[in-house]
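**Q** What follows is a single structure, and I will ask about it in a moment.
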Amino acid sequence: MSEALPTLGTVNDETVTARLLLHRPVEDDVDAIFAISSDPRVWTHFPSLRHTDRSTTETMVLRWIAGWDAVGTGTWVVRLRTTGEVIGNGGCALIGEPGGAGTVWNLGYRLAAAHHGKGYATELSAAAIAAARAVHPEVPVTAYLVAHNRASAAVAEKAGLDLVMTTPDADNPDPGVMRLVYADRPLTDAQRERLRR
């Protein structure tokens, strides 16, 4: 059972939680997201993924926008309700096609370093899982992360996901790093194979 605060509502692609405003991304969000994604402090568990140029962030935001257009939910831009400050991004993105073998939701987020440890990731994750289940409840919600990222593992557990698989982290430049896969239900062989890539 999730410990996160409930979602308060969704209007015009903006989801409101107790402390956060979760917005469908637009191209104007690129600079704010680049400021966060280029900060080495938010990549301590996977430093080679840090954005070093704005074009990387722009490509990512355009991918989020396309995901929303295709599925009707996806990665949000995260703002504080009190100030409107952009503090990160997160949500559930669909990996694969609805009804396809191996299709899963992937829960992910990245928050500015100044906002770590405040429970925002758990609050965001609860809203993201609810949004994914509202669109395609038949698709499992998963989260995968490197094994040494204990904070993200704790968020996945608080969001109600269980550890279902440990596998080498295929994209990691360090071949010794393991990937933990969490899910809200048992996974098929095809889904497990997709999450090993």
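Identifiers in this document derive from the order of the structure tokens: chains are assigned A, B, ..., residues are numbered from 1 separately in each chain, and ligands are numbered from 1 in order of occurrence.
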Enumerate the residues of stretch 23-120 of chain A with a DSSP assignment of helix (DSSP H, G or I), computed from the backbone, and present them as a PyMOL selection string.
**A** chain A and resi 27-37+40-43+47-49+54-71+113-115+120
**Q** If you run DSSP on the backbone, which residues of stretch 10-193 of chain A are strand (DSSP E or B), as a PyMOL selection string?
**A** chain A and resi 10-11+14-16+20-23+75-80+86-95+104-111+141-146+162-168+178-183
**Q** Once you count only C-alpha atoms, what closest atom pair and distance in Å to one decimal does each residue of stretch 124-182 of chain A within 12 Å of stretch 16-21 of chain A have, with rows by chain and rising residue number, as a Markdown table?
**A**
```
| residue | atom | partner | partner_atom | distance |
| --- | --- | --- | --- | --- |
| A:Leu124 | CA | A:Leu20 | CA | 7.7 |
| A:Ser125 | CA | A:Thr17 | CA | 10.8 |
| A:Ala126 | CA | A:Thr17 | CA | 9.4 |
| A:Ala127 | CA | A:Thr17 | CA | 7.5 |
| A:Ala128 | CA | A:Thr17 | CA | 10.7 |
| A:Ala130 | CA | A:Thr17 | CA | 11.7 |
| A:Ala131 | CA | A:Val16 | CA | 11.9 |
```
**Q** Suppose we keep all heavy atoms; can you now write the selection as a CSV table (one decimal), in the first residue's frame?
**A**
```
chain,number,residue,atom,x,y,z
A,124,LEU,N,4.9,12.0,-6.1
A,124,LEU,CA,4.9,11.9,-7.5
A,124,LEU,C,4.6,10.5,-8.0
A,124,LEU,O,3.8,10.3,-8.9
A,124,LEU,CB,6.2,12.5,-8.1
A,124,LEU,CG,6.6,12.2,-9.5
A,124,LEU,CD1,5.7,12.8,-10.5
A,124,LEU,CD2,8.0,12.6,-9.8
A,125,SER,N,5.3,9.5,-7.5
A,125,SER,CA,5.2,8.2,-7.9
A,125,SER,C,3.7,7.7,-7.7
A,125,SER,O,3.2,6.9,-8.6
A,125,SER,CB,6.2,7.3,-7.1
A,125,SER,OG,7.5,7.6,-7.5
A,126,ALA,N,3.1,8.0,-6.6
A,126,ALA,CA,1.7,7.5,-6.4
A,126,ALA,C,0.8,8.1,-7.4
A,126,ALA,O,-0.1,7.4,-8.0
A,126,ALA,CB,1.3,8.0,-5.0
A,127,ALA,N,1.0,9.4,-7.8
A,127,ALA,CA,0.1,10.0,-8.8
A,127,ALA,C,0.4,9.4,-10.2
A,127,ALA,O,-0.5,9.1,-11.0
A,127,ALA,CB,0.4,11.5,-8.9
A,128,ALA,N,1.7,9.1,-10.5
A,128,ALA,CA,2.1,8.5,-11.7
A,128,ALA,C,1.5,7.1,-11.9
A,128,ALA,O,1.0,6.7,-13.0
A,128,ALA,CB,3.6,8.4,-11.9
A,130,ALA,N,-1.2,5.9,-10.4
A,130,ALA,CA,-2.6,6.1,-10.6
A,130,ALA,C,-3.0,6.5,-12.0
A,130,ALA,O,-3.9,6.0,-12.6
A,130,ALA,CB,-3.2,7.1,-9.6
A,131,ALA,N,-2.2,7.4,-12.6
A,131,ALA,CA,-2.4,7.8,-14.0
A,131,ALA,C,-2.2,6.7,-15.0
A,131,ALA,O,-3.0,6.5,-15.9
A,131,ALA,CB,-1.5,9.0,-14.4
```
**Q** If you count only C-alpha atoms, which residues fall within 9 Å of A:Thr57, apart from same-chain ones fewer than 6 positions away, as a count of residues only?
**A** 7
**Q** Between atom CA of A:Ala183 and atom CA of A:Gly91, what is the distance, to one decimal in Å?
**A**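 Computed distance, atom CA of A:Ala183 to atom CA of A:Gly91, equals 14.7 Å.
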**Q** Would you mind listing what lies within 10 Å of stretch 74-88 of chain A as a PyMOL selection string, with only C-alpha atoms counted and same-chain residues fewer than 2 positions away left out?
**A** chain A and resi 13-26+29-30+32-37+61+63-72+90-94+105-116+120-121+124+128+131-132
**Q** I need the residue nearest A:Asp189 from this list: A:Val42, A:Ala170, A:Ala101, A:Ser152. Use only C-alpha atoms for the distance.
**A**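 Among the listed residues, A:Ala101 lies closest to A:Asp189.
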**Q** Just how far from atom CA of A:Ala159 is atom CA of A:Pro140, in Å to one decimal?
**A**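 Separating atom CA of A:Pro140 from atom CA of A:Ala159 is a distance of 13.5 Å.
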**Q** For a quick check of understanding, using only C-alpha atoms, which of A:Gly176, A:Arg50, A:Arg197, A:Thr56 has the smallest distance to A:His148?
**A**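 Ranking A:Gly176, A:Arg50, A:Arg197, A:Thr56 by distance to A:His148, first place goes to A:Gly176.
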**Q** If you measure from atom CA of A:Thr167 to atom CA of A:Arg150, what distance in Å do you get, rounded to one decimal?
**A**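 Distance between the two atoms: 16.1 Å.
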**Q** When you look at A:Val146 with a cut-off of 12 Å (counting only C-alpha atoms), what residues show up, excluding the ones that are within fewer than 5 positions of it in the same chain? I need them as a PyMOL selection string.
**A** chain A and resi 43-47+151-153+165-172+174-182
**Q** Produce a file of the selected residues containing N, CA and C atoms, as a PDB file, in the first residue's frame.
**A**
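Saved the output as result.pdb:
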```
ATOM      1  N   TRP A  43      22.905  12.872 -10.588  1.00  0.00           N
ATOM      2  CA  TRP A  43      23.356  11.685 -11.323  1.00  0.00           C
ATOM      3  C   TRP A  43      24.393  10.890 -10.538  1.00  0.00           C
ATOM      4  N   THR A  44      24.384  10.957  -9.226  1.00  0.00           N
ATOM      5  CA  THR A  44      25.418  10.283  -8.445  1.00  0.00           C
ATOM      6  C   THR A  44      25.420   8.772  -8.649  1.00  0.00           C
ATOM      7  N   HIS A  45      24.266   8.184  -9.001  1.00  0.00           N
ATOM      8  CA  HIS A  45      24.188   6.740  -9.188  1.00  0.00           C
ATOM      9  C   HIS A  45      24.445   6.299 -10.630  1.00  0.00           C
ATOM     10  N   PHE A  46      24.502   7.276 -11.557  1.00  0.00           N
ATOM     11  CA  PHE A  46      24.730   6.930 -12.970  1.00  0.00           C
ATOM     12  C   PHE A  46      25.291   8.174 -13.666  1.00  0.00           C
ATOM     13  N   PRO A  47      26.522   8.595 -13.306  1.00  0.00           N
ATOM     14  CA  PRO A  47      27.069   9.875 -13.788  1.00  0.00           C
ATOM     15  C   PRO A  47      27.207   9.994 -15.296  1.00  0.00           C
ATOM     16  N   ALA A 151      17.834   4.959  -2.147  1.00  0.00           N
ATOM     17  CA  ALA A 151      16.744   5.924  -1.992  1.00  0.00           C
ATOM     18  C   ALA A 151      15.635   5.642  -2.997  1.00  0.00           C
ATOM     19  N   SER A 152      15.991   5.365  -4.259  1.00  0.00           N
ATOM     20  CA  SER A 152      14.974   5.064  -5.265  1.00  0.00           C
ATOM     21  C   SER A 152      14.307   3.718  -4.996  1.00  0.00           C
ATOM     22  N   ALA A 153      15.051   2.758  -4.469  1.00  0.00           N
ATOM     23  CA  ALA A 153      14.443   1.482  -4.101  1.00  0.00           C
ATOM     24  C   ALA A 153      13.392   1.690  -3.012  1.00  0.00           C
ATOM     25  N   MET A 165      13.008  -8.858  -9.806  1.00  0.00           N
ATOM     26  CA  MET A 165      14.110  -9.347 -10.631  1.00  0.00           C
ATOM     27  C   MET A 165      15.379  -8.532 -10.355  1.00  0.00           C
ATOM     28  N   THR A 166      16.500  -9.211 -10.372  1.00  0.00           N
ATOM     29  CA  THR A 166      17.816  -8.579 -10.334  1.00  0.00           C
ATOM     30  C   THR A 166      18.584  -9.096 -11.541  1.00  0.00           C
ATOM     31  N   THR A 167      19.199  -8.162 -12.285  1.00  0.00           N
ATOM     32  CA  THR A 167      19.875  -8.538 -13.531  1.00  0.00           C
ATOM     33  C   THR A 167      21.032  -7.572 -13.773  1.00  0.00           C
ATOM     34  N   PRO A 168      22.031  -7.925 -14.567  1.00  0.00           N
ATOM     35  CA  PRO A 168      23.065  -6.940 -14.909  1.00  0.00           C
ATOM     36  C   PRO A 168      22.440  -5.709 -15.560  1.00  0.00           C
ATOM     37  N   ASP A 169      22.991  -4.532 -15.260  1.00  0.00           N
ATOM     38  CA  ASP A 169      22.471  -3.279 -15.814  1.00  0.00           C
ATOM     39  C   ASP A 169      23.077  -3.083 -17.200  1.00  0.00           C
ATOM     40  N   ALA A 170      22.321  -3.450 -18.219  1.00  0.00           N
ATOM     41  CA  ALA A 170      22.833  -3.566 -19.588  1.00  0.00           C
ATOM     42  C   ALA A 170      23.460  -2.294 -20.131  1.00  0.00           C
ATOM     43  N   ASP A 171      22.937  -1.129 -19.794  1.00  0.00           N
ATOM     44  CA  ASP A 171      23.433   0.130 -20.367  1.00  0.00           C
ATOM     45  C   ASP A 171      24.535   0.782 -19.538  1.00  0.00           C
ATOM     46  N   ASN A 172      24.899   0.172 -18.447  1.00  0.00           N
ATOM     47  CA  ASN A 172      25.841   0.803 -17.528  1.00  0.00           C
ATOM     48  C   ASN A 172      27.281   0.584 -17.995  1.00  0.00           C
ATOM     49  N   ASP A 174      29.773   0.436 -16.178  1.00  0.00           N
ATOM     50  CA  ASP A 174      30.402  -0.434 -15.186  1.00  0.00           C
ATOM     51  C   ASP A 174      29.716  -1.804 -15.267  1.00  0.00           C
ATOM     52  N   PRO A 175      30.378  -2.813 -15.814  1.00  0.00           N
ATOM     53  CA  PRO A 175      29.733  -4.113 -16.026  1.00  0.00           C
ATOM     54  C   PRO A 175      29.358  -4.825 -14.732  1.00  0.00           C
ATOM     55  N   GLY A 176      29.870  -4.364 -13.610  1.00  0.00           N
ATOM     56  CA  GLY A 176      29.552  -5.001 -12.338  1.00  0.00           C
ATOM     57  C   GLY A 176      28.279  -4.487 -11.683  1.00  0.00           C
ATOM     58  N   VAL A 177      27.683  -3.435 -12.232  1.00  0.00           N
ATOM     59  CA  VAL A 177      26.491  -2.845 -11.619  1.00  0.00           C
ATOM     60  C   VAL A 177      25.273  -3.700 -11.946  1.00  0.00           C
ATOM     61  N   MET A 178      24.459  -3.938 -10.930  1.00  0.00           N
ATOM     62  CA  MET A 178      23.243  -4.730 -11.096  1.00  0.00           C
ATOM     63  C   MET A 178      22.017  -3.815 -11.143  1.00  0.00           C
ATOM     64  N   ARG A 179      21.009  -4.255 -11.872  1.00  0.00           N
ATOM     65  CA  ARG A 179      19.734  -3.548 -11.997  1.00  0.00           C
ATOM     66  C   ARG A 179      18.684  -4.269 -11.151  1.00  0.00           C
ATOM     67  N   LEU A 180      17.962  -3.505 -10.348  1.00  0.00           N
ATOM     68  CA  LEU A 180      16.819  -4.024  -9.611  1.00  0.00           C
ATOM     69  C   LEU A 180      15.562  -3.656 -10.386  1.00  0.00           C
ATOM     70  N   VAL A 181      14.665  -4.616 -10.543  1.00  0.00           N
ATOM     71  CA  VAL A 181      13.395  -4.368 -11.222  1.00  0.00           C
ATOM     72  C   VAL A 181      12.268  -4.593 -10.217  1.00  0.00           C
ATOM     73  N   TYR A 182      11.462  -3.552 -10.046  1.00  0.00           N
ATOM     74  CA  TYR A 182      10.285  -3.604  -9.184  1.00  0.00           C
ATOM     75  C   TYR A 182       9.042  -3.614 -10.063  1.00  0.00           C
TER      76      TYR A 182
END
```
